[in-house]
$ cat my_file_26.cif   # mmCIF, N, CA and C atoms
data_input
#
loop_
_atom_site.label_atom_id
_atom_site.label_comp_id
_atom_site.auth_asym_id
_atom_site.auth_seq_id
_atom_site.Cartn_x
_atom_site.Cartn_y
_atom_site.Cartn_z
N MET Y 1 73.08 -109.84 40.29
CA MET Y 1 74.10 -110.11 41.27
C MET Y 1 74.59 -108.77 41.83
N VAL Y 2 74.68 -108.69 43.12
CA VAL Y 2 75.17 -107.48 43.77
C VAL Y 2 76.69 -107.56 43.84
N THR Y 3 77.37 -106.53 43.34
CA THR Y 3 78.83 -106.47 43.41
C THR Y 3 79.25 -105.07 43.80
N SER Y 4 80.45 -104.97 44.33
CA SER Y 4 81.01 -103.65 44.63
C SER Y 4 82.51 -103.74 44.44
N CYS Y 5 83.18 -102.65 44.61
CA CYS Y 5 84.63 -102.63 44.46
C CYS Y 5 85.22 -101.76 45.57
N GLU Y 6 86.53 -101.64 45.57
CA GLU Y 6 87.23 -100.79 46.53
C GLU Y 6 86.90 -101.16 47.98
N SER Y 7 86.66 -102.44 48.22
CA SER Y 7 86.33 -102.95 49.57
C SER Y 7 85.12 -102.26 50.18
N ASP Y 8 84.16 -101.88 49.36
CA ASP Y 8 82.98 -101.15 49.82
C ASP Y 8 81.91 -102.13 50.32
N ILE Y 9 82.15 -102.71 51.48
CA ILE Y 9 81.21 -103.68 52.06
C ILE Y 9 79.88 -103.01 52.39
N ASP Y 10 79.93 -101.80 52.93
CA ASP Y 10 78.68 -101.08 53.23
C ASP Y 10 77.88 -100.83 51.95
N GLY Y 11 78.58 -100.55 50.85
CA GLY Y 11 77.91 -100.38 49.56
C GLY Y 11 77.25 -101.66 49.10
N SER Y 12 77.93 -102.79 49.28
CA SER Y 12 77.34 -104.09 48.92
C SER Y 12 76.10 -104.39 49.74
N ILE Y 13 76.16 -104.11 51.03
CA ILE Y 13 75.00 -104.33 51.91
C ILE Y 13 73.85 -103.42 51.48
N SER Y 14 74.17 -102.17 51.16
CA SER Y 14 73.13 -101.23 50.70
C SER Y 14 72.47 -101.74 49.43
N MET Y 15 73.29 -102.21 48.48
CA MET Y 15 72.75 -102.72 47.22
C MET Y 15 71.89 -103.96 47.45
N PHE Y 16 72.33 -104.85 48.31
CA PHE Y 16 71.56 -106.06 48.60
C PHE Y 16 70.18 -105.71 49.16
N ILE Y 17 70.15 -104.79 50.12
CA ILE Y 17 68.87 -104.38 50.71
C ILE Y 17 67.97 -103.76 49.65
N LEU Y 18 68.51 -102.87 48.83
CA LEU Y 18 67.70 -102.24 47.78
C LEU Y 18 67.18 -103.25 46.77
N ARG Y 19 68.03 -104.21 46.37
CA ARG Y 19 67.59 -105.22 45.42
C ARG Y 19 66.43 -106.02 45.99
N GLU Y 20 66.52 -106.38 47.26
CA GLU Y 20 65.44 -107.14 47.88
C GLU Y 20 64.16 -106.32 47.97
N LEU Y 21 64.27 -105.05 48.34
CA LEU Y 21 63.09 -104.18 48.42
C LEU Y 21 62.48 -103.90 47.05
N ALA Y 22 63.31 -103.93 46.00
CA ALA Y 22 62.85 -103.66 44.64
C ALA Y 22 62.47 -104.94 43.90
N LYS Y 23 62.28 -106.03 44.62
CA LYS Y 23 61.85 -107.31 44.05
C LYS Y 23 62.78 -107.80 42.95
N GLY Y 24 64.07 -107.66 43.17
CA GLY Y 24 65.06 -108.18 42.24
C GLY Y 24 65.57 -107.21 41.20
N ASN Y 25 65.00 -106.00 41.12
CA ASN Y 25 65.50 -105.02 40.16
C ASN Y 25 66.90 -104.55 40.57
N ALA Y 26 67.71 -104.24 39.59
CA ALA Y 26 69.11 -103.90 39.83
C ALA Y 26 69.27 -102.56 40.54
N PRO Y 27 70.07 -102.54 41.60
CA PRO Y 27 70.44 -101.27 42.23
C PRO Y 27 71.71 -100.72 41.57
N TYR Y 28 72.07 -99.50 41.88
CA TYR Y 28 73.29 -98.89 41.35
C TYR Y 28 74.13 -98.43 42.52
N LEU Y 29 75.41 -98.73 42.47
CA LEU Y 29 76.34 -98.27 43.50
C LEU Y 29 77.05 -97.03 42.98
N GLY Y 30 76.81 -95.90 43.61
CA GLY Y 30 77.44 -94.67 43.18
C GLY Y 30 77.74 -93.75 44.34
N ASP Y 31 78.81 -93.01 44.20
CA ASP Y 31 79.16 -91.99 45.19
C ASP Y 31 78.69 -90.64 44.68
N LEU Y 32 78.04 -89.87 45.53
CA LEU Y 32 77.62 -88.51 45.17
C LEU Y 32 78.87 -87.64 45.14
N VAL Y 33 79.25 -87.16 43.95
CA VAL Y 33 80.49 -86.40 43.81
C VAL Y 33 80.28 -84.94 43.43
N HIS Y 34 79.08 -84.58 42.96
CA HIS Y 34 78.88 -83.19 42.57
C HIS Y 34 77.38 -82.86 42.52
N ILE Y 35 77.03 -81.68 43.01
CA ILE Y 35 75.66 -81.16 42.90
C ILE Y 35 75.73 -79.80 42.24
N ASP Y 36 74.92 -79.60 41.20
CA ASP Y 36 74.83 -78.32 40.51
C ASP Y 36 73.41 -77.81 40.72
N GLU Y 37 73.23 -76.92 41.68
CA GLU Y 37 71.89 -76.43 42.00
C GLU Y 37 71.26 -75.66 40.85
N GLU Y 38 72.06 -74.91 40.09
CA GLU Y 38 71.52 -74.13 38.97
C GLU Y 38 70.93 -75.03 37.90
N LYS Y 39 71.55 -76.18 37.66
CA LYS Y 39 71.06 -77.12 36.65
C LYS Y 39 70.14 -78.18 37.25
N ASN Y 40 69.93 -78.12 38.58
CA ASN Y 40 69.11 -79.11 39.26
C ASN Y 40 69.60 -80.53 38.94
N SER Y 41 70.93 -80.73 39.08
CA SER Y 41 71.50 -82.02 38.72
C SER Y 41 72.51 -82.48 39.77
N ALA Y 42 72.74 -83.77 39.76
CA ALA Y 42 73.72 -84.38 40.65
C ALA Y 42 74.50 -85.42 39.85
N VAL Y 43 75.75 -85.61 40.21
CA VAL Y 43 76.59 -86.61 39.56
C VAL Y 43 76.95 -87.67 40.58
N PHE Y 44 76.66 -88.93 40.22
CA PHE Y 44 77.07 -90.09 40.99
C PHE Y 44 78.00 -90.90 40.11
N TRP Y 45 79.07 -91.39 40.65
CA TRP Y 45 79.89 -92.31 39.89
C TRP Y 45 80.65 -93.21 40.84
N HIS Y 46 81.10 -94.32 40.29
CA HIS Y 46 81.86 -95.29 41.06
C HIS Y 46 82.74 -96.02 40.07
N CYS Y 47 83.09 -97.22 40.34
CA CYS Y 47 84.06 -97.96 39.53
C CYS Y 47 83.43 -98.78 38.42
N GLY Y 48 82.21 -98.51 38.06
CA GLY Y 48 81.57 -99.26 36.99
C GLY Y 48 80.68 -100.38 37.47
N ALA Y 49 80.25 -100.33 38.72
CA ALA Y 49 79.40 -101.39 39.27
C ALA Y 49 77.92 -101.10 39.02
N GLY Y 50 77.59 -100.79 37.79
CA GLY Y 50 76.20 -100.50 37.43
C GLY Y 50 75.71 -101.49 36.39
N ALA Y 51 74.49 -101.98 36.57
CA ALA Y 51 73.90 -102.92 35.62
C ALA Y 51 73.53 -102.19 34.33
N TYR Y 52 73.72 -102.85 33.21
CA TYR Y 52 73.36 -102.26 31.92
C TYR Y 52 71.89 -101.87 31.87
N SER Y 53 71.05 -102.58 32.60
CA SER Y 53 69.61 -102.29 32.59
C SER Y 53 69.29 -100.90 33.15
N LEU Y 54 70.25 -100.26 33.81
CA LEU Y 54 70.03 -98.93 34.38
C LEU Y 54 70.45 -97.80 33.44
N ALA Y 55 71.07 -98.14 32.31
CA ALA Y 55 71.56 -97.12 31.38
C ALA Y 55 70.41 -96.46 30.63
N ARG Y 56 70.62 -95.18 30.29
CA ARG Y 56 69.64 -94.47 29.46
C ARG Y 56 69.47 -95.23 28.15
N PRO Y 57 68.23 -95.50 27.73
CA PRO Y 57 68.04 -96.26 26.51
C PRO Y 57 68.52 -95.54 25.25
N ASP Y 58 68.54 -94.22 25.26
CA ASP Y 58 68.94 -93.49 24.05
C ASP Y 58 70.46 -93.46 23.85
N THR Y 59 71.22 -93.68 24.90
CA THR Y 59 72.68 -93.66 24.77
C THR Y 59 73.33 -95.00 25.10
N GLY Y 60 72.68 -95.80 25.92
CA GLY Y 60 73.27 -97.07 26.33
C GLY Y 60 74.52 -96.87 27.17
N ALA Y 61 75.29 -97.93 27.31
CA ALA Y 61 76.53 -97.90 28.07
C ALA Y 61 77.71 -98.05 27.11
N THR Y 62 78.80 -97.38 27.41
CA THR Y 62 79.99 -97.49 26.59
C THR Y 62 81.19 -97.84 27.47
N ALA Y 63 82.13 -98.54 26.89
CA ALA Y 63 83.38 -98.86 27.59
C ALA Y 63 84.37 -97.74 27.33
N GLY Y 64 85.10 -97.36 28.36
CA GLY Y 64 86.07 -96.28 28.20
C GLY Y 64 87.17 -96.38 29.24
N VAL Y 65 87.91 -95.32 29.34
CA VAL Y 65 89.02 -95.23 30.28
C VAL Y 65 88.52 -94.59 31.57
N HIS Y 66 89.05 -95.03 32.70
CA HIS Y 66 88.66 -94.47 34.00
C HIS Y 66 88.87 -92.96 33.97
N PRO Y 67 87.87 -92.15 34.36
CA PRO Y 67 87.97 -90.70 34.22
C PRO Y 67 89.04 -90.04 35.08
N ASN Y 68 89.39 -90.62 36.22
CA ASN Y 68 90.41 -90.02 37.08
C ASN Y 68 91.80 -90.58 36.81
N ARG Y 69 91.88 -91.88 36.71
CA ARG Y 69 93.18 -92.53 36.61
C ARG Y 69 93.69 -92.67 35.18
N LYS Y 70 92.79 -92.52 34.21
CA LYS Y 70 93.13 -92.62 32.78
C LYS Y 70 93.75 -93.96 32.42
N ILE Y 71 93.37 -95.02 33.14
CA ILE Y 71 93.84 -96.36 32.83
C ILE Y 71 92.68 -97.33 32.92
N GLY Y 72 92.91 -98.51 32.44
CA GLY Y 72 91.95 -99.59 32.60
C GLY Y 72 90.62 -99.35 31.92
N LEU Y 73 89.70 -100.19 32.23
CA LEU Y 73 88.39 -100.17 31.61
C LEU Y 73 87.35 -99.72 32.63
N ALA Y 74 86.50 -98.83 32.22
CA ALA Y 74 85.37 -98.39 33.05
C ALA Y 74 84.15 -98.26 32.16
N MET Y 75 82.99 -98.62 32.70
CA MET Y 75 81.74 -98.44 31.96
C MET Y 75 81.23 -97.03 32.23
N ASP Y 76 80.70 -96.41 31.20
CA ASP Y 76 80.22 -95.04 31.31
C ASP Y 76 78.80 -94.98 30.76
N PHE Y 77 77.88 -94.48 31.59
CA PHE Y 77 76.52 -94.27 31.09
C PHE Y 77 75.76 -93.36 32.03
N GLY Y 78 74.82 -92.64 31.45
CA GLY Y 78 73.87 -91.87 32.25
C GLY Y 78 72.76 -92.80 32.69
N LEU Y 79 72.23 -92.57 33.88
CA LEU Y 79 71.14 -93.40 34.37
C LEU Y 79 69.84 -93.03 33.68
N LYS Y 80 69.00 -94.04 33.45
CA LYS Y 80 67.70 -93.79 32.81
C LYS Y 80 66.81 -92.97 33.73
N ALA Y 81 65.88 -92.25 33.16
CA ALA Y 81 64.97 -91.40 33.93
C ALA Y 81 63.98 -92.24 34.72
N GLY Y 82 63.52 -91.70 35.82
CA GLY Y 82 62.51 -92.38 36.61
C GLY Y 82 62.66 -92.09 38.08
N GLU Y 83 61.95 -92.85 38.88
CA GLU Y 83 61.99 -92.69 40.31
C GLU Y 83 63.31 -93.25 40.85
N VAL Y 84 63.92 -92.52 41.76
CA VAL Y 84 65.22 -92.91 42.31
C VAL Y 84 65.16 -92.90 43.83
N THR Y 85 65.65 -93.96 44.43
CA THR Y 85 65.81 -94.00 45.87
C THR Y 85 67.30 -93.97 46.16
N ILE Y 86 67.75 -92.99 46.90
CA ILE Y 86 69.15 -92.90 47.31
C ILE Y 86 69.22 -93.47 48.72
N PHE Y 87 70.02 -94.50 48.88
CA PHE Y 87 70.04 -95.24 50.14
C PHE Y 87 71.47 -95.66 50.45
N ARG Y 88 71.85 -95.58 51.70
CA ARG Y 88 73.21 -95.98 52.07
C ARG Y 88 73.24 -96.48 53.50
N VAL Y 89 73.87 -97.63 53.68
CA VAL Y 89 74.22 -98.14 55.00
C VAL Y 89 75.65 -97.70 55.24
N SER Y 90 75.93 -97.12 56.38
CA SER Y 90 77.31 -96.74 56.69
C SER Y 90 77.61 -97.06 58.14
N HIS Y 91 78.86 -97.32 58.38
CA HIS Y 91 79.30 -97.67 59.73
C HIS Y 91 80.11 -96.53 60.31
N ARG Y 92 79.80 -96.21 61.55
CA ARG Y 92 80.51 -95.18 62.30
C ARG Y 92 80.99 -95.80 63.60
N PRO Y 93 81.88 -95.15 64.29
CA PRO Y 93 82.36 -95.72 65.56
C PRO Y 93 81.24 -96.02 66.56
N ASP Y 94 80.14 -95.26 66.49
CA ASP Y 94 79.04 -95.48 67.43
C ASP Y 94 77.98 -96.44 66.88
N GLY Y 95 78.21 -97.06 65.73
CA GLY Y 95 77.27 -98.04 65.18
C GLY Y 95 76.94 -97.77 63.73
N TYR Y 96 75.93 -98.44 63.25
CA TYR Y 96 75.49 -98.30 61.86
C TYR Y 96 74.44 -97.20 61.75
N ARG Y 97 74.34 -96.64 60.56
CA ARG Y 97 73.27 -95.68 60.29
C ARG Y 97 72.76 -95.92 58.88
N LEU Y 98 71.53 -95.54 58.65
CA LEU Y 98 70.90 -95.62 57.34
C LEU Y 98 70.52 -94.22 56.91
N SER Y 99 70.78 -93.91 55.66
CA SER Y 99 70.33 -92.63 55.12
C SER Y 99 69.63 -92.91 53.80
N PHE Y 100 68.55 -92.18 53.54
CA PHE Y 100 67.82 -92.38 52.29
C PHE Y 100 67.00 -91.16 51.95
N THR Y 101 66.71 -91.05 50.65
CA THR Y 101 65.80 -90.05 50.14
C THR Y 101 65.22 -90.58 48.84
N LYS Y 102 64.12 -90.06 48.41
CA LYS Y 102 63.47 -90.50 47.17
C LYS Y 102 63.36 -89.31 46.24
N LEU Y 103 63.73 -89.51 44.96
CA LEU Y 103 63.70 -88.46 43.95
C LEU Y 103 62.94 -88.96 42.72
N ILE Y 104 62.41 -88.04 41.96
CA ILE Y 104 61.85 -88.35 40.65
C ILE Y 104 62.44 -87.36 39.67
N TYR Y 105 63.03 -87.89 38.62
CA TYR Y 105 63.62 -87.01 37.62
C TYR Y 105 63.30 -87.46 36.24
#

$ encode --input "my_file_26.cif" --output "structure tokens"
Amino acid sequence: MVTSCESDIDGSISMFILRELAKGNAPYLGDLVHIDEEKNSAVFWHCGAGAYSLARPDTGATAGVHPNRKIGLAMDFGLKAGEVTIFRVSHRPDGYRLSFTKLIY
């Protein structure tokens, strides 16, 4: 099931398209919040709208406190290794746009 939070309709649409292209495999909704070029790493996070099937098998997913607000429940997990497609539908005053890239890590 595709879900999103924070009224992120464009995120829901992006997830729906990715799920259909991936033949039903779960997409992940995340915001790119940090890039560390020296470590060749990037951090994506959102409000916990990630399927357990995407968690690293060696650590799994854990329930915790929201990292910014320090309240409520948030799921925390690193994504499992493999091929990644970063895709986003976004709306601008002049119309919609699509952005995507493919990574392997």

$ resolve_selection --input "my_file_26.cif" --expression "the PyMOL selection byres ((chain Y and resi 87) around 8)" --output "list of chain:residue names"
Y:Ser14, Y:Met15, Y:Leu18, Y:Val84, Y:Thr85, Y:Ile86, Y:Arg88, Y:Val89, Y:Ser90, Y:Leu98, Y:Ser99, Y:Phe100, Y:Thr101, Y:Lys102

$ atom_distance --input "my_file_26.cif" --atom1 "atom C of Gly95 of chain Y" --atom2 "atom N of Glu6 of chain Y"
20.9 Å

$ select_by_dssp --input "my_file_26.cif" --residues "chain Y" --states "helix (DSSP H, G or I)" --output "list of chain:residue names"
Y:Ile9, Y:Asp10, Y:Gly11, Y:Ser12, Y:Ile13, Y:Ser14, Y:Met15, Y:Phe16, Y:Ile17, Y:Leu18, Y:Arg19, Y:Glu20, Y:Leu21, Y:Tyr52, Y:Ser53, Y:Leu54

$ write_last_selection --input "my_file_26.cif" --atoms "N, CA and C atoms" --output "compact mmCIF listing (two decimals), in the frame of the given file"
# COMPACT_ATOMS: atom_id res chain seq x y z
N ILE Y 9 82.15 -102.71 51.48
CA ILE Y 9 81.21 -103.68 52.06
C ILE Y 9 79.88 -103.01 52.39
N ASP Y 10 79.93 -101.80 52.93
CA ASP Y 10 78.68 -101.08 53.23
C ASP Y 10 77.88 -100.83 51.95
N GLY Y 11 78.58 -100.55 50.85
CA GLY Y 11 77.91 -100.38 49.56
C GLY Y 11 77.25 -101.66 49.10
N SER Y 12 77.93 -102.79 49.28
CA SER Y 12 77.34 -104.09 48.92
C SER Y 12 76.10 -104.39 49.74
N ILE Y 13 76.16 -104.11 51.03
CA ILE Y 13 75.00 -104.33 51.91
C ILE Y 13 73.85 -103.42 51.48
N SER Y 14 74.17 -102.17 51.16
CA SER Y 14 73.13 -101.23 50.70
C SER Y 14 72.47 -101.74 49.43
N MET Y 15 73.29 -102.21 48.48
CA MET Y 15 72.75 -102.72 47.22
C MET Y 15 71.89 -103.96 47.45
N PHE Y 16 72.33 -104.85 48.31
CA PHE Y 16 71.56 -106.06 48.60
C PHE Y 16 70.18 -105.71 49.16
N ILE Y 17 70.15 -104.79 50.12
CA ILE Y 17 68.87 -104.38 50.71
C ILE Y 17 67.97 -103.76 49.65
N LEU Y 18 68.51 -102.87 48.83
CA LEU Y 18 67.70 -102.24 47.78
C LEU Y 18 67.18 -103.25 46.77
N ARG Y 19 68.03 -104.21 46.37
CA ARG Y 19 67.59 -105.22 45.42
C ARG Y 19 66.43 -106.02 45.99
N GLU Y 20 66.52 -106.38 47.26
CA GLU Y 20 65.44 -107.14 47.88
C GLU Y 20 64.16 -106.32 47.97
N LEU Y 21 64.27 -105.05 48.34
CA LEU Y 21 63.09 -104.18 48.42
C LEU Y 21 62.48 -103.90 47.05
N TYR Y 52 73.72 -102.85 33.21
CA TYR Y 52 73.36 -102.26 31.92
C TYR Y 52 71.89 -101.87 31.87
N SER Y 53 71.05 -102.58 32.60
CA SER Y 53 69.61 -102.29 32.59
C SER Y 53 69.29 -100.90 33.15
N LEU Y 54 70.25 -100.26 33.81
CA LEU Y 54 70.03 -98.93 34.38
C LEU Y 54 70.45 -97.80 33.44

$ atom_distance --input "my_file_26.cif" --atom1 "atom N of Arg92 of chain Y" --atom2 "atom N of His34 of chain Y"
21.9 Å

$ atom_distance --input "my_file_26.cif" --atom1 "atom CA of Ala26 of chain Y" --atom2 "atom CA of Tyr52 of chain Y"
9.1 Å

$ closest_residue --input "my_file_26.cif" --among "Y:Asp58, Y:Glu83, Y:Glu20, Y:Asp76" --to "Leu103 of chain Y" --atoms "all atoms listed in the file"
Y:Glu83

$ residues_around --input "my_file_26.cif" --residues "Lys80 of chain Y" --least-positions-apart "2" --cutoff "10 Å" --atoms "only C-alpha atoms" --output "PDB file with N, CA and C atoms, in the frame of the given file"
ATOM      1  N   SER Y  53      71.050-102.580  32.600  1.00  0.00           N
ATOM      2  CA  SER Y  53      69.610-102.290  32.590  1.00  0.00           C
ATOM      3  C   SER Y  53      69.290-100.900  33.150  1.00  0.00           C
ATOM      4  N   LEU Y  54      70.250-100.260  33.810  1.00  0.00           N
ATOM      5  CA  LEU Y  54      70.030 -98.930  34.380  1.00  0.00           C
ATOM      6  C   LEU Y  54      70.450 -97.800  33.440  1.00  0.00           C
ATOM      7  N   ALA Y  55      71.070 -98.140  32.310  1.00  0.00           N
ATOM      8  CA  ALA Y  55      71.560 -97.120  31.380  1.00  0.00           C
ATOM      9  C   ALA Y  55      70.410 -96.460  30.630  1.00  0.00           C
ATOM     10  N   ARG Y  56      70.620 -95.180  30.290  1.00  0.00           N
ATOM     11  CA  ARG Y  56      69.640 -94.470  29.460  1.00  0.00           C
ATOM     12  C   ARG Y  56      69.470 -95.230  28.150  1.00  0.00           C
ATOM     13  N   PRO Y  57      68.230 -95.500  27.730  1.00  0.00           N
ATOM     14  CA  PRO Y  57      68.040 -96.260  26.510  1.00  0.00           C
ATOM     15  C   PRO Y  57      68.520 -95.540  25.250  1.00  0.00           C
ATOM     16  N   ASP Y  58      68.540 -94.220  25.260  1.00  0.00           N
ATOM     17  CA  ASP Y  58      68.940 -93.490  24.050  1.00  0.00           C
ATOM     18  C   ASP Y  58      70.460 -93.460  23.850  1.00  0.00           C
ATOM     19  N   THR Y  59      71.220 -93.680  24.900  1.00  0.00           N
ATOM     20  CA  THR Y  59      72.680 -93.660  24.770  1.00  0.00           C
ATOM     21  C   THR Y  59      73.330 -95.000  25.100  1.00  0.00           C
ATOM     22  N   GLY Y  60      72.680 -95.800  25.920  1.00  0.00           N
ATOM     23  CA  GLY Y  60      73.270 -97.070  26.330  1.00  0.00           C
ATOM     24  C   GLY Y  60      74.520 -96.870  27.170  1.00  0.00           C
ATOM     25  N   PHE Y  77      77.880 -94.480  31.590  1.00  0.00           N
ATOM     26  CA  PHE Y  77      76.520 -94.270  31.090  1.00  0.00           C
ATOM     27  C   PHE Y  77      75.760 -93.360  32.030  1.00  0.00           C
ATOM     28  N   GLY Y  78      74.820 -92.640  31.450  1.00  0.00           N
ATOM     29  CA  GLY Y  78      73.870 -91.870  32.250  1.00  0.00           C
ATOM     30  C   GLY Y  78      72.760 -92.800  32.690  1.00  0.00           C
ATOM     31  N   GLY Y  82      63.520 -91.700  35.820  1.00  0.00           N
ATOM     32  CA  GLY Y  82      62.510 -92.380  36.610  1.00  0.00           C
ATOM     33  C   GLY Y  82      62.660 -92.090  38.080  1.00  0.00           C
ATOM     34  N   GLU Y  83      61.950 -92.850  38.880  1.00  0.00           N
ATOM     35  CA  GLU Y  83      61.990 -92.690  40.310  1.00  0.00           C
ATOM     36  C   GLU Y  83      63.310 -93.250  40.850  1.00  0.00           C
ATOM     37  N   VAL Y  84      63.920 -92.520  41.760  1.00  0.00           N
ATOM     38  CA  VAL Y  84      65.220 -92.910  42.310  1.00  0.00           C
ATOM     39  C   VAL Y  84      65.160 -92.900  43.830  1.00  0.00           C
ATOM     40  N   TYR Y 105      63.030 -87.890  38.620  1.00  0.00           N
ATOM     41  CA  TYR Y 105      63.620 -87.010  37.620  1.00  0.00           C
ATOM     42  C   TYR Y 105      63.300 -87.460  36.240  1.00  0.00           C
TER      43      TYR Y 105
END

$ residues_around --input "my_file_26.cif" --residues "Gly30 of chain Y" --least-positions-apart "6" --cutoff "7 Å" --atoms "only C-alpha atoms" --output "list in words"
Phe44, Trp45 and His46 of chain Y

$ residues_around --input "my_file_26.cif" --residues "Val65 of chain Y" --least-positions-apart "4" --cutoff "5 Å" --atoms "all atoms listed in the file" --output "JSON, numbers by chain"
{"Y": [71, 72, 74]}

$ axis_aligned_box --input "my_file_26.cif" --around "segment 67-82 of chain Y" --padding-each-side "8 Å" --output "lines of an AutoDock Vina configuration file"
center_x = 78.2
center_y = -95.1
center_z = 34.4
size_x = 47.3
size_y = 26.2
size_z = 23.3

$ select_by_dssp --input "my_file_26.cif" --residues "segment 6-104 of chain Y" --states "strand (DSSP E or B)" --output "number ranges by chain"
Y: 28, 31-36, 41-45, 50, 55, 62-64, 74-76, 79, 83-92, 95-104

$ closest_residue --input "my_file_26.cif" --among "Y:Leu29, Y:Ile17, Y:Leu73, Y:Ala81" --to "Ser4 of chain Y" --atoms "only C-alpha atoms"
Y:Leu29

$ closest_residue --input "my_file_26.cif" --among "Y:Met75, Y:Gly11, Y:Asn68, Y:Thr62" --to "Pro27 of chain Y" --atoms "only C-alpha atoms"
Y:Gly11
